[in-house]
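Participant: I'm passing along run12.txt; it holds compact mmCIF, C-alpha atoms and all ligand atoms.
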```
# COMPACT_ATOMS: atom_id res chain seq x y z
CA MET V 511 -8.93 -23.57 7.32
CA ASN V 512 -9.33 -20.84 4.72
CA PRO V 513 -9.80 -17.54 6.64
CA PHE V 514 -10.91 -15.73 3.47
CA GLU V 515 -13.80 -18.01 2.45
CA GLY V 516 -17.08 -16.08 2.62
CA ARG V 517 -15.37 -13.08 4.28
CA VAL V 518 -15.94 -9.50 3.18
CA ALA V 519 -12.79 -7.66 2.06
CA LEU V 520 -12.58 -3.98 1.17
CA VAL V 521 -9.44 -3.23 -0.86
CA THR V 522 -8.38 0.33 -1.70
CA GLY V 523 -6.24 1.05 -4.74
CA ALA V 524 -7.69 -2.17 -6.16
CA ALA V 525 -7.69 -1.08 -9.80
CA SER V 526 -3.97 -1.62 -10.35
CA GLY V 527 -0.81 -3.33 -9.16
CA ILE V 528 -0.71 -4.83 -5.69
CA GLY V 529 -4.33 -3.89 -4.88
CA ALA V 530 -5.60 -5.57 -8.05
CA ALA V 531 -3.53 -8.67 -7.28
CA LEU V 532 -4.84 -8.74 -3.70
CA ALA V 533 -8.42 -8.45 -4.96
CA THR V 534 -7.79 -11.28 -7.42
CA ALA V 535 -6.23 -13.56 -4.79
CA LEU V 536 -8.97 -12.80 -2.25
CA GLN V 537 -11.70 -13.48 -4.80
CA ALA V 538 -9.99 -16.76 -5.73
CA ALA V 539 -9.89 -17.67 -2.03
CA GLY V 540 -13.66 -17.25 -1.80
CA ALA V 541 -13.90 -13.77 -0.27
CA ARG V 542 -16.55 -11.21 -1.23
CA VAL V 543 -14.32 -8.42 -2.47
CA VAL V 544 -15.08 -4.71 -2.81
CA LEU V 545 -12.63 -2.96 -5.12
CA ALA V 546 -12.31 0.72 -4.24
CA ASP V 547 -10.24 3.10 -6.31
CA ILE V 548 -10.11 6.71 -7.41
CA ASP V 549 -9.97 5.31 -10.96
CA HIS V 550 -13.48 3.87 -11.06
CA ASP V 551 -13.38 2.73 -14.69
CA SER V 552 -10.29 0.62 -14.07
CA ALA V 553 -11.80 -0.74 -10.85
CA LEU V 554 -14.90 -1.76 -12.83
CA ARG V 555 -12.73 -3.51 -15.43
CA GLN V 556 -10.73 -5.25 -12.72
CA ALA V 557 -13.88 -6.39 -10.89
CA SER V 558 -15.27 -7.86 -14.09
CA ALA V 559 -11.93 -9.50 -14.94
CA ILE V 560 -11.86 -11.40 -11.65
CA GLY V 561 -15.54 -12.34 -11.78
CA ALA V 562 -16.53 -10.23 -8.77
CA GLU V 563 -20.14 -9.16 -8.22
CA ALA V 564 -21.41 -6.40 -10.52
CA ASP V 565 -21.50 -3.79 -7.73
CA ALA V 566 -18.06 -4.77 -6.38
CA ALA V 567 -16.24 -1.76 -7.84
CA VAL V 568 -16.70 1.52 -6.00
CA ALA V 569 -15.30 4.98 -6.61
CA LEU V 570 -13.24 6.17 -3.64
CA ASP V 571 -10.68 8.90 -3.17
CA VAL V 572 -9.03 7.89 0.10
CA ARG V 573 -8.15 11.53 0.74
CA GLU V 574 -11.86 12.15 1.40
CA ARG V 575 -12.75 11.33 5.00
CA THR V 576 -16.51 11.43 4.45
CA GLY V 577 -16.21 9.54 1.16
CA PHE V 578 -14.37 6.71 2.92
CA ALA V 579 -16.98 6.64 5.68
CA SER V 580 -19.79 6.43 3.07
CA VAL V 581 -18.10 3.56 1.26
CA ALA V 582 -17.64 1.67 4.56
CA GLN V 583 -21.32 2.17 5.43
CA ALA V 584 -22.39 1.03 1.96
CA VAL V 585 -20.27 -2.15 2.25
CA LEU V 586 -21.75 -2.80 5.69
CA ALA V 587 -25.30 -2.29 4.35
CA ARG V 588 -24.64 -4.56 1.37
CA HIS V 589 -22.69 -7.37 3.07
CA GLY V 590 -23.53 -7.06 6.77
CA ARG V 591 -19.91 -6.76 7.94
CA ILE V 592 -16.35 -5.91 6.89
CA ASP V 593 -13.88 -8.65 7.80
CA TYR V 594 -10.82 -7.22 6.06
CA LEU V 595 -9.78 -3.70 5.21
CA PHE V 596 -6.78 -3.56 2.89
CA ASN V 597 -5.65 0.07 3.16
CA ASN V 598 -3.52 -0.19 0.04
CA ALA V 599 -3.95 2.91 -2.14
CA GLY V 600 -0.74 4.89 -2.34
CA ILE V 601 1.50 7.01 -4.51
CA ALA V 602 5.26 7.43 -4.77
CA ILE V 603 7.40 10.49 -5.40
CA ILE V 604 11.10 9.76 -5.79
CA GLY V 605 14.16 11.94 -6.09
CA ASN V 606 16.36 14.44 -4.30
CA THR V 607 14.48 15.92 -1.33
CA LEU V 608 15.79 19.35 -2.33
CA ALA V 609 13.61 19.08 -5.45
CA MET V 610 10.39 18.40 -3.51
CA THR V 611 7.74 21.12 -3.55
CA GLY V 612 5.17 21.81 -0.86
CA ALA V 613 2.57 20.25 -3.15
CA ASP V 614 4.65 17.06 -3.39
CA TRP V 615 4.83 16.73 0.40
CA ASP V 616 1.10 17.40 0.69
CA ARG V 617 0.15 14.84 -1.96
CA LEU V 618 2.18 12.12 -0.27
CA LEU V 619 0.80 12.93 3.15
CA ASP V 620 -2.77 13.17 1.87
CA VAL V 621 -2.84 9.82 0.06
CA ASN V 622 -0.33 7.68 1.94
CA VAL V 623 -0.98 8.86 5.49
CA ARG V 624 -4.38 10.55 5.65
CA GLY V 625 -5.81 7.96 3.23
CA VAL V 626 -4.86 5.18 5.64
CA VAL V 627 -6.09 7.15 8.66
CA HIS V 628 -9.44 7.67 6.93
CA GLY V 629 -9.72 3.92 6.39
CA VAL V 630 -9.02 3.25 10.05
CA GLU V 631 -11.50 5.93 11.14
CA ALA V 632 -14.20 4.54 8.86
CA VAL V 633 -13.78 0.81 9.45
CA TYR V 634 -12.08 0.13 12.82
CA PRO V 635 -15.14 1.16 14.92
CA LEU V 636 -17.38 -0.98 12.70
CA MET V 637 -15.11 -3.97 13.23
CA VAL V 638 -15.11 -3.42 17.01
CA GLU V 639 -18.93 -3.40 16.97
CA GLN V 640 -19.49 -6.46 14.79
CA ALA V 641 -19.83 -9.98 16.18
CA PRO V 642 -16.67 -12.10 16.24
CA LYS V 643 -16.30 -14.93 13.74
CA ASP V 644 -13.83 -17.72 14.52
CA GLY V 645 -12.56 -15.67 17.46
CA TRP V 646 -11.79 -12.36 15.74
CA ARG V 647 -13.82 -9.41 14.57
CA GLY V 648 -11.81 -7.93 11.74
CA HIS V 649 -8.36 -7.47 10.25
CA ILE V 650 -6.90 -4.17 9.02
CA VAL V 651 -4.00 -4.66 6.62
CA ASN V 652 -2.11 -1.47 5.84
CA THR V 653 0.23 -1.33 2.87
CA ALA V 654 3.48 0.23 4.04
CA SER V 655 6.81 -0.65 2.39
CA ILE V 656 10.30 -1.81 3.27
CA SER V 657 10.98 1.94 3.21
CA GLY V 658 8.74 2.10 6.29
CA LEU V 659 11.30 -0.01 8.18
CA VAL V 660 14.72 1.08 6.94
CA PRO V 661 16.29 4.26 5.54
CA ALA V 662 15.43 4.81 1.89
CA PRO V 663 17.33 7.78 0.44
CA GLY V 664 15.71 9.04 -2.74
CA PHE V 665 12.41 7.81 -1.27
CA THR V 666 12.80 10.09 1.74
CA ALA V 667 9.34 11.70 1.78
CA TYR V 668 7.67 8.45 0.73
CA ALA V 669 9.63 6.62 3.46
CA MET V 670 8.32 9.15 5.99
CA THR V 671 4.74 8.25 5.05
CA LYS V 672 5.43 4.51 5.17
CA HIS V 673 7.15 4.78 8.59
CA ALA V 674 3.96 6.52 9.72
CA VAL V 675 1.88 3.62 8.39
CA VAL V 676 4.08 1.09 10.21
CA GLY V 677 3.87 3.12 13.45
CA LEU V 678 0.11 3.36 13.19
CA SER V 679 -0.21 -0.34 12.45
CA VAL V 680 1.99 -1.80 15.19
CA SER V 681 0.57 0.55 17.82
CA LEU V 682 -3.08 0.10 16.85
CA ARG V 683 -2.48 -3.65 16.74
CA GLU V 684 -1.76 -3.64 20.50
CA GLU V 685 -4.84 -1.55 21.28
CA ALA V 686 -7.11 -3.43 18.92
CA ARG V 687 -6.25 -6.97 20.02
CA ARG V 688 -8.38 -6.40 23.16
CA TYR V 689 -11.41 -6.03 20.86
CA GLY V 690 -10.51 -9.01 18.71
CA VAL V 691 -9.41 -6.79 15.82
CA ARG V 692 -6.13 -7.60 14.08
CA VAL V 693 -3.80 -5.12 12.44
CA SER V 694 -0.86 -5.84 10.11
CA ALA V 695 1.48 -3.78 7.98
CA ILE V 696 2.82 -5.12 4.71
CA CYS V 697 6.33 -4.10 3.75
CA PRO V 698 7.31 -5.08 0.21
CA SER V 699 10.56 -4.17 -1.48
CA VAL V 700 10.13 -2.80 -5.01
CA ILE V 701 7.44 -4.77 -6.88
CA GLY V 702 6.84 -4.73 -10.63
CA THR V 703 3.62 -2.71 -10.83
CA PRO V 704 2.65 0.39 -12.83
CA MET V 705 3.95 2.46 -9.88
CA ALA V 706 7.44 1.03 -10.33
CA ASP V 707 7.28 0.82 -14.13
CA GLN V 708 6.27 4.44 -14.55
CA ALA V 709 8.39 5.93 -11.76
CA ARG V 710 10.61 8.86 -12.68
CA LEU V 711 12.91 10.88 -10.49
CA LEU V 712 11.86 14.46 -9.80
CA GLY V 713 13.18 16.60 -12.63
CA ASP V 714 13.96 13.60 -14.84
CA SER V 715 12.13 12.16 -17.84
CA VAL V 716 13.93 8.80 -17.97
CA PRO V 717 12.07 5.95 -16.22
CA VAL V 718 13.81 4.89 -13.02
CA ARG V 719 13.83 1.30 -14.27
CA ASP V 720 16.21 2.39 -17.03
CA ARG V 721 18.52 4.11 -14.57
CA VAL V 722 18.70 1.73 -11.65
CA ASN V 723 20.14 -1.76 -11.61
CA GLY V 724 17.65 -4.38 -10.50
CA PHE V 725 14.48 -2.54 -11.56
CA ALA V 726 14.28 -4.79 -14.62
CA ARG V 727 13.93 -7.99 -12.56
CA LEU V 728 11.28 -7.26 -9.99
CA PRO V 729 8.90 -9.67 -8.25
CA ASP V 730 5.40 -9.22 -9.63
CA ALA V 731 2.18 -8.17 -7.93
CA ASP V 732 0.72 -11.70 -7.84
CA TYR V 733 3.76 -12.94 -5.95
CA CYS V 734 3.34 -10.00 -3.57
CA ALA V 735 -0.36 -10.78 -3.01
CA ARG V 736 0.41 -14.45 -2.27
CA LYS V 737 3.00 -13.49 0.34
CA VAL V 738 0.67 -10.90 1.86
CA LEU V 739 -2.23 -13.32 2.23
CA LYS V 740 0.13 -15.88 3.80
CA GLY V 741 1.20 -13.26 6.36
CA VAL V 742 -2.42 -12.21 6.94
CA ARG V 743 -3.42 -15.85 7.57
CA ARG V 744 -0.66 -16.03 10.18
CA ASN V 745 -1.71 -12.66 11.61
CA GLN V 746 1.84 -11.30 11.37
CA ALA V 747 2.36 -7.76 12.67
CA ILE V 748 4.82 -6.89 9.90
CA ILE V 749 4.73 -8.75 6.61
CA PRO V 750 7.95 -8.18 4.65
CA VAL V 751 7.56 -9.21 1.01
CA ALA V 752 10.39 -10.41 -1.24
CA PRO V 753 13.96 -11.37 -0.28
CA ALA V 754 15.26 -7.79 -0.45
CA ALA V 755 12.74 -6.73 2.20
CA HIS V 756 13.53 -9.65 4.53
CA ILE V 757 17.28 -9.14 4.22
CA GLY V 758 17.20 -5.34 4.45
CA TRP V 759 14.99 -5.35 7.54
CA ARG V 760 17.07 -8.04 9.33
CA LEU V 761 20.38 -6.33 8.56
CA TYR V 762 19.10 -2.96 9.72
CA ARG V 763 17.86 -4.37 13.03
CA LEU V 764 21.07 -6.31 13.53
CA TRP V 765 23.47 -3.48 12.78
CA PRO V 766 22.24 -0.37 10.91
CA GLY V 767 25.70 0.38 9.54
CA LEU V 768 25.60 -2.84 7.51
CA LEU V 769 23.12 -1.18 5.16
CA ARG V 770 25.36 1.84 4.55
CA PRO V 771 26.80 0.63 1.21
CA VAL V 772 23.25 0.14 -0.07
CA THR V 773 21.92 3.45 1.21
CA ARG V 774 24.94 5.29 -0.19
CA ARG V 775 24.30 3.76 -3.62
CA LEU V 776 20.56 4.51 -3.41
CA ALA V 777 21.29 8.13 -2.51
CA ASP V 778 23.55 8.49 -5.56
CA GLU V 779 21.14 6.72 -7.91
CA LEU V 780 17.79 8.04 -6.70
CA ALA V 781 18.71 11.43 -5.25
CA PRO V 782 21.50 12.57 -7.58
CA MET V 783 23.12 15.79 -6.41
CA ASP V 784 22.84 17.36 -9.87
CA ALA V 785 19.02 17.08 -9.64
CA ARG V 786 18.68 19.17 -6.49
CA SER V 787 17.75 22.37 -8.28
CA GLY V 788 14.14 21.28 -8.54
CA GLN V 789 13.92 21.57 -12.31
CA ARG V 790 11.24 19.26 -13.55
CA GLY V 791 10.75 17.32 -16.73
CA ALA V 792 7.75 17.60 -19.02
CA HIS V 793 6.38 14.38 -17.47
CA ASP V 794 5.49 16.11 -14.24
CA PRO V 795 1.82 17.12 -14.14
CA ARG V 796 2.39 19.75 -11.46
N1 LIG E 1 5.19 -1.16 -6.35
C1 LIG E 1 6.07 -1.11 -5.38
O1 LIG E 1 7.28 -1.22 -5.60
C2 LIG E 1 5.63 -0.96 -3.95
C3 LIG E 1 6.51 -1.37 -2.94
C4 LIG E 1 6.12 -1.20 -1.61
C5 LIG E 1 4.89 -0.67 -1.32
N2 LIG E 1 4.06 -0.27 -2.33
C6 LIG E 1 2.78 0.29 -1.96
O2 LIG E 1 1.77 -0.56 -2.47
C7 LIG E 1 0.58 0.19 -2.69
C8 LIG E 1 0.09 -0.08 -4.09
O3 LIG E 1 1.10 0.32 -5.00
P1 LIG E 1 1.20 -0.27 -6.49
O4 LIG E 1 2.62 -0.49 -6.76
O5 LIG E 1 0.23 -1.36 -6.66
O6 LIG E 1 0.79 1.06 -7.29
P2 LIG E 1 -0.18 1.28 -8.55
O7 LIG E 1 0.10 2.66 -8.98
O8 LIG E 1 -0.06 0.16 -9.51
O9 LIG E 1 -1.63 1.21 -7.89
C9 LIG E 1 -2.07 2.17 -6.98
C10 LIG E 1 -3.58 2.28 -7.07
O10 LIG E 1 -3.99 3.24 -6.08
C11 LIG E 1 -4.95 4.09 -6.69
N3 LIG E 1 -4.97 5.37 -6.01
C12 LIG E 1 -4.04 6.36 -6.06
N4 LIG E 1 -4.44 7.42 -5.36
C13 LIG E 1 -5.66 7.11 -4.84
C14 LIG E 1 -6.60 7.79 -4.02
N5 LIG E 1 -6.38 9.05 -3.61
N6 LIG E 1 -7.72 7.15 -3.65
C15 LIG E 1 -7.97 5.89 -4.09
N7 LIG E 1 -7.15 5.20 -4.89
C16 LIG E 1 -5.99 5.81 -5.26
C17 LIG E 1 -4.52 4.20 -8.15
O11 LIG E 1 -5.60 4.63 -8.98
C18 LIG E 1 -4.07 2.79 -8.44
O12 LIG E 1 -5.12 1.99 -8.90
C19 LIG E 1 0.96 1.65 -2.43
O13 LIG E 1 0.56 2.00 -1.12
C20 LIG E 1 2.46 1.64 -2.54
O14 LIG E 1 3.04 2.69 -1.82
C21 LIG E 1 4.41 -0.42 -3.63
```
Any chance you could give the structure as structure tokens?

Facilitator:
Amino acid sequence: MNPFEGRVALVTGAASGIGAALATALQAAGARVVLADIDHDSALRQASAIGAEADAAVALDVRERTGFASVAQAVLARHGRIDYLFNNAGIAIIGNTLAMTGADWDRLLDVNVRGVVHGVEAVYPLMVEQAPKDGWRGHIVNTASISGLVPAPGFTAYAMTKHAVVGLSVSLREEARRYGVRVSAICPSVIGTPMADQARLLGDSVPVRDRVNGFARLPDADYCARKVLKGVRRNQAIIPVAPAAHIGWRLYRLWPGLLRPVTRRLADELAPMDARSGQRGAHDPR
């Protein structure tokens, strides 16, 4: 059975990368997709590219609690229910933690943590209230990261936000199952999206992909979306995506010290000690 056919799916961060690939895969599987993004023009283009309904693209800044609630109500009014919420919008800031500013911490917390919380606040109660279909009422799928499961030096602040998303997801999952609402967290390793392509270390103007081995050969967003939808179909609590995520997570659970060679290398590559002064390159919009 195809659990996406005819279902209503709200995807945040749907204008680019993993969110755009999820929207494409959901649309292809017969879902009615709503593409929400802060970049409305790109969401409109993406909606048209995948043949979604004309009003499928909506402007949403996930940092806005009332904005998220309005979008959820509008989707409910338009489609009658929300079967899936993909809380996917997110940003990354990478580098030596000593170079982080207060504004950097706030931006990460606002988008990656509060943005997900706002989605849960807006949609979870609606799911609890709606009638079950095929034995469940709704499914919240939060985009975390492998850095939400294992140490990720250089991604330290980002990893904090993704650990929060995993904690929220696995805990809410146990509460929500009594109402017939499912909750999953997706945990990809690095995926070839604009986020990864354009990433730069704090204080550095060279793209990370030119500095770090392995960034040139990344799994793409369509692969990620396929793996995510497979995990969603199976109602997995945690959906690791790509071999690096599966291996890293298993090793860390088995014996955390086994990851030490990797984390030591990541610390050197992504949080170089000579970048701790906090000097920033011209690329940084701050
Ligand atoms: N690319 C990776 O390597 C990777 C790995 C693991 C997890 N993730 C996570 O996957 C998610 C998607 O990342 P991606 O790689 O597709 O990035 P991306 O930059 O390609 O896409 C992110 C989208 O989110 C939107 N967005 C940003 N801030 C927003 C806001 N405040 N409100 C609404 N929309 C906003 C952007 O406009 C963009 O369309 C993020 O949560 C990211 O942390 C990415």

Participant: Given a cut-off of 8 Å, what residues near ligand LIG 1 (chain E) show up using all atoms listed in the file, put as a VMD selection string?

Facilitator: chain V and resid 522 to 530 546 to 549 552 to 553 569 to 573 597 to 602 620 to 622 625 653 to 657 668 672 696 to 706 731

Participant: Can you write just those residues out, C-alpha atoms, as an mmCIF file, in the coordinates of the input?

Facilitator:
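The resulting file, result.cif, is shown below:
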```
data_model
loop_
_atom_site.group_PDB
_atom_site.id
_atom_site.type_symbol
_atom_site.label_atom_id
_atom_site.label_comp_id
_atom_site.auth_asym_id
_atom_site.auth_seq_id
_atom_site.Cartn_x
_atom_site.Cartn_y
_atom_site.Cartn_z
ATOM 1 C CA THR V 522 -8.380 0.330 -1.700
ATOM 2 C CA GLY V 523 -6.240 1.050 -4.740
ATOM 3 C CA ALA V 524 -7.690 -2.170 -6.160
ATOM 4 C CA ALA V 525 -7.690 -1.080 -9.800
ATOM 5 C CA SER V 526 -3.970 -1.620 -10.350
ATOM 6 C CA GLY V 527 -0.810 -3.330 -9.160
ATOM 7 C CA ILE V 528 -0.710 -4.830 -5.690
ATOM 8 C CA GLY V 529 -4.330 -3.890 -4.880
ATOM 9 C CA ALA V 530 -5.600 -5.570 -8.050
ATOM 10 C CA ALA V 546 -12.310 0.720 -4.240
ATOM 11 C CA ASP V 547 -10.240 3.100 -6.310
ATOM 12 C CA ILE V 548 -10.110 6.710 -7.410
ATOM 13 C CA ASP V 549 -9.970 5.310 -10.960
ATOM 14 C CA SER V 552 -10.290 0.620 -14.070
ATOM 15 C CA ALA V 553 -11.800 -0.740 -10.850
ATOM 16 C CA ALA V 569 -15.300 4.980 -6.610
ATOM 17 C CA LEU V 570 -13.240 6.170 -3.640
ATOM 18 C CA ASP V 571 -10.680 8.900 -3.170
ATOM 19 C CA VAL V 572 -9.030 7.890 0.100
ATOM 20 C CA ARG V 573 -8.150 11.530 0.740
ATOM 21 C CA ASN V 597 -5.650 0.070 3.160
ATOM 22 C CA ASN V 598 -3.520 -0.190 0.040
ATOM 23 C CA ALA V 599 -3.950 2.910 -2.140
ATOM 24 C CA GLY V 600 -0.740 4.890 -2.340
ATOM 25 C CA ILE V 601 1.500 7.010 -4.510
ATOM 26 C CA ALA V 602 5.260 7.430 -4.770
ATOM 27 C CA ASP V 620 -2.770 13.170 1.870
ATOM 28 C CA VAL V 621 -2.840 9.820 0.060
ATOM 29 C CA ASN V 622 -0.330 7.680 1.940
ATOM 30 C CA GLY V 625 -5.810 7.960 3.230
ATOM 31 C CA THR V 653 0.230 -1.330 2.870
ATOM 32 C CA ALA V 654 3.480 0.230 4.040
ATOM 33 C CA SER V 655 6.810 -0.650 2.390
ATOM 34 C CA ILE V 656 10.300 -1.810 3.270
ATOM 35 C CA SER V 657 10.980 1.940 3.210
ATOM 36 C CA TYR V 668 7.670 8.450 0.730
ATOM 37 C CA LYS V 672 5.430 4.510 5.170
ATOM 38 C CA ILE V 696 2.820 -5.120 4.710
ATOM 39 C CA CYS V 697 6.330 -4.100 3.750
ATOM 40 C CA PRO V 698 7.310 -5.080 0.210
ATOM 41 C CA SER V 699 10.560 -4.170 -1.480
ATOM 42 C CA VAL V 700 10.130 -2.800 -5.010
ATOM 43 C CA ILE V 701 7.440 -4.770 -6.880
ATOM 44 C CA GLY V 702 6.840 -4.730 -10.630
ATOM 45 C CA THR V 703 3.620 -2.710 -10.830
ATOM 46 C CA PRO V 704 2.650 0.390 -12.830
ATOM 47 C CA MET V 705 3.950 2.460 -9.880
ATOM 48 C CA ALA V 706 7.440 1.030 -10.330
ATOM 49 C CA ALA V 731 2.180 -8.170 -7.930
#
```

Participant: Tell me, in Å to one decimal, how far atom CA of V:Ala726 is from atom CA of V:Thr534.

Facilitator: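 Straight-line distance from atom CA of V:Ala726 to atom CA of V:Thr534 works out to 24.1 Å.
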
Participant: Could you pull the residues within 10 Å of V:Ala747, counting only C-alpha atoms, minus those fewer than 4 positions along the same chain, as number ranges by chain?

Facilitator: V: 651, 676, 679-681, 683-684, 692-696, 741-742

Participant: Using all atoms listed in the file, which protein or nucleic acid residues come within 12 Å of V:Arg588? Drop anything in the same chain fewer than 3 positions from it, and give the result as a list in words.

Facilitator: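 The neighbour list is Val518, Arg542, Val543, Val544, Glu563, Asp565, Ala566, Val581, Ala582, Gln583, Ala584, Val585, Arg591 and Ile592 of chain V.
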
Participant: Find the residues with any atom within 9 Å of (11.2, 16.0, -2.5); use all atoms listed in the file and the coordinates as given in the file, and write the answer as a PyMOL selection string.

Facilitator: chain V and resi 603-612+614-615+664-668+712+788

Participant: Which residue is closest to V:Leu780? Choose from V:Asp616, V:Val627, V:Pro663, V:Ala535 and count all atoms listed in the file.

Facilitator: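 Between V:Asp616, V:Val627, V:Pro663, V:Ala535, the residue approaching V:Leu780 most closely is V:Pro663.
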
Participant: Here's a test: counting all atoms listed in the file, identify every protein, DNA and RNA residue with an atom at most 8 Å from (9.9, 5.0, -15.2) in the file's coordinate frame, and state them as a ChimeraX atom specification.

Facilitator: /V:706-710,715-720

Participant: Quick one: of V:Arg744, V:Arg760, V:Arg617, V:Arg721, who's nearest to V:Ala781, counting all atoms listed in the file?

Facilitator: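 Looking at the shortest contact to V:Ala781, the residue is V:Arg721.
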
Participant: Pick out the residues sitting within 7 Å of V:Gly540, and hand them over as a ChimeraX atom specification; count all atoms listed in the file, and ignore anything fewer than 5 positions along from it in its own chain.

Facilitator: /V:514-516

Participant: Just give me the gap between atom CA of V:Met511 and atom CA of V:Ala539 in Å, one decimal is fine.

Facilitator: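 Atom CA of V:Met511 sits 11.1 Å away from atom CA of V:Ala539.
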
Participant: Please provide as number ranges by chain all residues within 10 Å of V:Glu639, with the sequence filter that same-chain residues fewer than 3 positions apart are discarded (counting only C-alpha atoms).

Facilitator: V: 591, 634-636, 642, 647-648, 689

Participant: Please report the interatomic distance between atom CA of V:Gly677 and atom CA of V:Val722 in Å with one decimal.

Facilitator: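 Between these atoms lies a distance of 29.2 Å.
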
Participant: Go through V:Leu618, V:Ala613, V:Ala541, V:Ala533 one by one, measure the shortest atom-to-atom distance of each to V:Ala557 using all atoms listed in the file, and give the residue with the smallest value.

Facilitator: V:Ala533

Participant: Rebuild stretch 631-650 of chain V so that it carries N, CA and C atoms, then output the result as a PDB file, in the coordinates of the input.

Facilitator:
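Wrote out26.pdb, looks like this:
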```pdb
ATOM      1  N   GLU V 631     -10.371   5.218  10.513  1.00  0.00           N
ATOM      2  CA  GLU V 631     -11.500   5.930  11.140  1.00  0.00           C
ATOM      3  C   GLU V 631     -12.844   5.345  10.703  1.00  0.00           C
ATOM      4  N   ALA V 632     -12.918   4.988   9.411  1.00  0.00           N
ATOM      5  CA  ALA V 632     -14.200   4.540   8.860  1.00  0.00           C
ATOM      6  C   ALA V 632     -14.520   3.098   9.255  1.00  0.00           C
ATOM      7  N   VAL V 633     -13.502   2.254   9.356  1.00  0.00           N
ATOM      8  CA  VAL V 633     -13.780   0.810   9.450  1.00  0.00           C
ATOM      9  C   VAL V 633     -13.481   0.215  10.835  1.00  0.00           C
ATOM     10  N   TYR V 634     -12.458   0.729  11.520  1.00  0.00           N
ATOM     11  CA  TYR V 634     -12.080   0.130  12.820  1.00  0.00           C
ATOM     12  C   TYR V 634     -13.274   0.093  13.796  1.00  0.00           C
ATOM     13  N   PRO V 635     -14.010   1.218  13.967  1.00  0.00           N
ATOM     14  CA  PRO V 635     -15.140   1.160  14.920  1.00  0.00           C
ATOM     15  C   PRO V 635     -16.207   0.144  14.485  1.00  0.00           C
ATOM     16  N   LEU V 636     -16.396   0.005  13.162  1.00  0.00           N
ATOM     17  CA  LEU V 636     -17.380  -0.980  12.700  1.00  0.00           C
ATOM     18  C   LEU V 636     -16.932  -2.385  13.051  1.00  0.00           C
ATOM     19  N   MET V 637     -15.638  -2.636  12.905  1.00  0.00           N
ATOM     20  CA  MET V 637     -15.110  -3.970  13.230  1.00  0.00           C
ATOM     21  C   MET V 637     -15.271  -4.257  14.726  1.00  0.00           C
ATOM     22  N   VAL V 638     -14.997  -3.237  15.546  1.00  0.00           N
ATOM     23  CA  VAL V 638     -15.110  -3.420  17.010  1.00  0.00           C
ATOM     24  C   VAL V 638     -16.554  -3.772  17.387  1.00  0.00           C
ATOM     25  N   GLU V 639     -17.509  -3.192  16.656  1.00  0.00           N
ATOM     26  CA  GLU V 639     -18.930  -3.400  16.970  1.00  0.00           C
ATOM     27  C   GLU V 639     -19.470  -4.728  16.465  1.00  0.00           C
ATOM     28  N   GLN V 640     -18.858  -5.286  15.397  1.00  0.00           N
ATOM     29  CA  GLN V 640     -19.490  -6.460  14.790  1.00  0.00           C
ATOM     30  C   GLN V 640     -19.175  -7.728  15.605  1.00  0.00           C
ATOM     31  N   ALA V 641     -20.007  -8.741  15.419  1.00  0.00           N
ATOM     32  CA  ALA V 641     -19.830  -9.980  16.180  1.00  0.00           C
ATOM     33  C   ALA V 641     -18.555 -10.691  15.730  1.00  0.00           C
ATOM     34  N   PRO V 642     -17.851 -11.345  16.664  1.00  0.00           N
ATOM     35  CA  PRO V 642     -16.670 -12.100  16.240  1.00  0.00           C
ATOM     36  C   PRO V 642     -17.061 -13.315  15.410  1.00  0.00           C
ATOM     37  N   LYS V 643     -16.147 -13.697  14.528  1.00  0.00           N
ATOM     38  CA  LYS V 643     -16.300 -14.930  13.740  1.00  0.00           C
ATOM     39  C   LYS V 643     -15.006 -15.692  13.906  1.00  0.00           C
ATOM     40  N   ASP V 644     -15.054 -16.917  14.290  1.00  0.00           N
ATOM     41  CA  ASP V 644     -13.830 -17.720  14.520  1.00  0.00           C
ATOM     42  C   ASP V 644     -12.864 -16.994  15.462  1.00  0.00           C
ATOM     43  N   GLY V 645     -13.402 -16.251  16.414  1.00  0.00           N
ATOM     44  CA  GLY V 645     -12.560 -15.670  17.460  1.00  0.00           C
ATOM     45  C   GLY V 645     -11.977 -14.301  17.153  1.00  0.00           C
ATOM     46  N   TRP V 646     -12.280 -13.718  16.004  1.00  0.00           N
ATOM     47  CA  TRP V 646     -11.790 -12.360  15.740  1.00  0.00           C
ATOM     48  C   TRP V 646     -12.858 -11.568  14.990  1.00  0.00           C
ATOM     49  N   ARG V 647     -12.761 -10.260  15.128  1.00  0.00           N
ATOM     50  CA  ARG V 647     -13.820  -9.410  14.570  1.00  0.00           C
ATOM     51  C   ARG V 647     -13.478  -8.788  13.231  1.00  0.00           C
ATOM     52  N   GLY V 648     -12.199  -8.572  12.994  1.00  0.00           N
ATOM     53  CA  GLY V 648     -11.810  -7.930  11.740  1.00  0.00           C
ATOM     54  C   GLY V 648     -10.297  -7.849  11.658  1.00  0.00           C
ATOM     55  N   HIS V 649      -9.818  -7.554  10.447  1.00  0.00           N
ATOM     56  CA  HIS V 649      -8.360  -7.470  10.250  1.00  0.00           C
ATOM     57  C   HIS V 649      -8.076  -6.285   9.328  1.00  0.00           C
ATOM     58  N   ILE V 650      -7.313  -5.328   9.828  1.00  0.00           N
ATOM     59  CA  ILE V 650      -6.900  -4.170   9.020  1.00  0.00           C
ATOM     60  C   ILE V 650      -5.490  -4.442   8.529  1.00  0.00           C
TER      61      ILE V 650
END
```
